[in-house]
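Structure file coords_23.cif (mmCIF, C-alpha atoms; chains and numbers go by the auth columns) is printed below.
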data_data
loop_
_atom_site.group_PDB
_atom_site.id
_atom_site.type_symbol
_atom_site.label_atom_id
_atom_site.label_comp_id
_atom_site.label_asym_id
_atom_site.label_seq_id
_atom_site.Cartn_x
_atom_site.Cartn_y
_atom_site.Cartn_z
_atom_site.B_iso_or_equiv
_atom_site.auth_seq_id
_atom_site.auth_asym_id
ATOM 1 C CA MET A 1 6.243 -19.254 18.670 0.00 1 E
ATOM 2 C CA VAL A 2 5.816 -19.050 14.897 0.00 2 E
ATOM 3 C CA LYS A 3 9.449 -20.050 14.389 0.00 3 E
ATOM 4 C CA LYS A 4 8.937 -23.080 16.638 0.00 4 E
ATOM 5 C CA GLY A 5 5.818 -24.093 14.713 0.00 5 E
ATOM 6 C CA GLU A 6 3.634 -23.534 17.769 0.00 6 E
ATOM 7 C CA MET A 7 1.347 -21.038 16.067 0.00 7 E
ATOM 8 C CA MET A 8 0.359 -19.958 12.563 0.00 8 E
ATOM 9 C CA ASP A 9 2.063 -17.071 10.836 0.00 9 E
ATOM 10 C CA VAL A 10 0.277 -14.156 9.195 0.00 10 E
ATOM 11 C CA GLU A 11 0.279 -15.756 5.734 0.00 11 E
ATOM 12 C CA ASP A 12 -1.297 -18.937 7.120 0.00 12 E
ATOM 13 C CA ILE A 13 -4.054 -16.952 8.815 0.00 13 E
ATOM 14 C CA VAL A 14 -4.808 -14.905 5.689 0.00 14 E
ATOM 15 C CA ASP A 15 -4.973 -18.096 3.602 0.00 15 E
ATOM 16 C CA LEU A 16 -7.176 -19.864 6.137 0.00 16 E
ATOM 17 C CA LEU A 17 -9.648 -16.992 6.452 0.00 17 E
ATOM 18 C CA SER A 18 -9.525 -16.025 2.757 0.00 18 E
ATOM 19 C CA ILE A 19 -9.416 -12.323 3.580 0.00 19 E
ATOM 20 C CA ASP A 20 -7.391 -9.315 2.506 0.00 20 E
ATOM 21 C CA LEU A 21 -4.766 -8.236 5.013 0.00 21 E
ATOM 22 C CA THR A 22 -5.344 -4.709 6.305 0.00 22 E
ATOM 23 C CA GLY A 23 -2.354 -4.699 8.643 0.00 23 E
ATOM 24 C CA VAL A 24 -0.425 -6.397 11.391 0.00 24 E
ATOM 25 C CA VAL A 25 -0.014 -4.793 14.801 0.00 25 E
ATOM 26 C CA PRO A 26 3.174 -5.866 16.559 0.00 26 E
ATOM 27 C CA ASP A 27 3.219 -6.419 20.289 0.00 27 E
ATOM 28 C CA ASP A 28 5.562 -3.911 21.887 0.00 28 E
ATOM 29 C CA GLU A 29 6.267 -2.356 25.279 0.00 29 E
ATOM 30 C CA TYR A 30 4.284 0.765 24.397 0.00 30 E
ATOM 31 C CA VAL A 31 0.989 -1.142 24.357 0.00 31 E
ATOM 32 C CA ILE A 32 1.380 -1.743 28.090 0.00 32 E
ATOM 33 C CA THR A 33 2.867 1.649 29.025 0.00 33 E
ATOM 34 C CA GLN A 34 0.306 3.646 27.062 0.00 34 E
ATOM 35 C CA THR A 35 -2.550 1.562 28.464 0.00 35 E
ATOM 36 C CA ASN A 36 -1.264 2.067 32.000 0.00 36 E
ATOM 37 C CA LYS A 37 -1.216 5.822 31.381 0.00 37 E
ATOM 38 C CA GLY A 38 -4.699 5.736 29.889 0.00 38 E
ATOM 39 C CA GLU A 39 -3.398 7.065 26.570 0.00 39 E
ATOM 40 C CA PRO A 40 -3.858 5.617 23.078 0.00 40 E
ATOM 41 C CA VAL A 41 -0.817 3.850 21.693 0.00 41 E
ATOM 42 C CA ILE A 42 -1.165 5.837 18.450 0.00 42 E
ATOM 43 C CA SER A 43 -0.262 9.017 20.326 0.00 43 E
ATOM 44 C CA ASN A 44 3.264 7.705 20.944 0.00 44 E
ATOM 45 C CA LYS A 45 5.321 8.336 17.787 0.00 45 E
ATOM 46 C CA LYS A 46 7.994 5.829 18.925 0.00 46 E
ATOM 47 C CA ALA A 47 5.575 2.900 19.260 0.00 47 E
ATOM 48 C CA PRO A 48 5.723 0.382 16.383 0.00 48 E
ATOM 49 C CA SER A 49 2.197 -0.673 17.325 0.00 49 E
ATOM 50 C CA GLY A 50 1.001 2.927 17.058 0.00 50 E
ATOM 51 C CA LYS A 51 2.550 3.241 13.608 0.00 51 E
ATOM 52 C CA ALA A 52 0.784 0.041 12.547 0.00 52 E
ATOM 53 C CA TYR A 53 -2.599 1.338 13.770 0.00 53 E
ATOM 54 C CA ARG A 54 -2.086 4.666 11.947 0.00 54 E
ATOM 55 C CA GLU A 55 -1.205 2.818 8.729 0.00 55 E
ATOM 56 C CA ILE A 56 -4.258 0.549 9.039 0.00 56 E
ATOM 57 C CA ALA A 57 -6.473 3.620 9.423 0.00 57 E
ATOM 58 C CA LYS A 58 -4.919 5.178 6.320 0.00 58 E
ATOM 59 C CA ARG A 59 -5.516 1.978 4.333 0.00 59 E
ATOM 60 C CA LEU A 60 -9.149 1.929 5.446 0.00 60 E
ATOM 61 C CA LEU A 61 -9.426 5.499 4.184 0.00 61 E
ATOM 62 C CA GLY A 62 -8.121 4.441 0.781 0.00 62 E
ATOM 63 C CA GLU A 63 -4.398 5.223 0.906 0.00 63 E
ATOM 64 C CA ASN A 64 -2.100 2.745 -0.812 0.00 64 E
ATOM 65 C CA ILE A 65 0.462 1.775 1.842 0.00 65 E
ATOM 66 C CA ASP A 66 2.393 -1.492 1.780 0.00 66 E
ATOM 67 C CA VAL A 67 1.699 -3.841 4.695 0.00 67 E
ATOM 68 C CA THR A 68 4.767 -4.586 6.790 0.00 68 E
ATOM 69 C CA ILE A 69 4.746 -7.937 8.554 0.00 69 E
ATOM 70 C CA PRO A 70 6.876 -7.909 11.717 0.00 70 E
ATOM 71 C CA ARG A 71 9.300 -10.822 12.017 0.00 71 E
#
Could you render the structure as structure tokens?
Amino acid sequence: MVKKGEMMDVEDIVDLLSIDLTGVVPDDEYVITQTNKGEPVISNKKAPSGKAYREIAKRLLGENIDVTIPR
């Protein structure tokens, strides 16, 4: 939808809100499968969304980790 111009991209949102970016959580199949199992997505090491949540937590705790923006 971003490519079609139907929604704003991450940079547009950050500029509009004038905030620092803590992270971007991609939508992936594991969000649904882990939710259906009643398990947190961060417990699945294969889930890109889980990796994003773990990295956000590390940033909040003061670690210096580059933010990856999914394309």
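By only C-alpha atoms, and with residues fewer than 6 positions from Leu61 (chain E) along its chain excluded, the set lying at most 12 Å from it is Thr22, Arg54 and Glu55 of chain E.
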Taking the file as shown, what set of residues would the PyMOL selection byres ((chain E and resi 30) around 9) give back, as a list in words?
Asp27, Asp28, Glu29, Val31, Ile32, Thr33, Gln34, Thr35, Val41, Asn44, Lys46, Ala47, Pro48, Ser49 and Gly50 of chain E
For the selection you just gave me, I'd like the residues written to a file as a PDB file, in the frame of the given file, keeping C-alpha atoms.
ATOM      1  CA  ASP E  27       3.219  -6.419  20.289  1.00  0.00           C
ATOM      2  CA  ASP E  28       5.562  -3.911  21.887  1.00  0.00           C
ATOM      3  CA  GLU E  29       6.267  -2.356  25.279  1.00  0.00           C
ATOM      4  CA  VAL E  31       0.989  -1.142  24.357  1.00  0.00           C
ATOM      5  CA  ILE E  32       1.380  -1.743  28.090  1.00  0.00           C
ATOM      6  CA  THR E  33       2.867   1.649  29.025  1.00  0.00           C
ATOM      7  CA  GLN E  34       0.306   3.646  27.062  1.00  0.00           C
ATOM      8  CA  THR E  35      -2.550   1.562  28.464  1.00  0.00           C
ATOM      9  CA  VAL E  41      -0.817   3.850  21.693  1.00  0.00           C
ATOM     10  CA  ASN E  44       3.264   7.705  20.944  1.00  0.00           C
ATOM     11  CA  LYS E  46       7.994   5.829  18.925  1.00  0.00           C
ATOM     12  CA  ALA E  47       5.575   2.900  19.260  1.00  0.00           C
ATOM     13  CA  PRO E  48       5.723   0.382  16.383  1.00  0.00           C
ATOM     14  CA  SER E  49       2.197  -0.673  17.325  1.00  0.00           C
ATOM     15  CA  GLY E  50       1.001   2.927  17.058  1.00  0.00           C
TER      16      GLY E  50
END
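The spacing separating CA of Asp66 (chain E) from CA of Gly5 (chain E) amounts to 26.3 Å.
Distance-wise, CA of Ile69 (chain E) and CA of Val10 (chain E) end up 7.7 Å apart.
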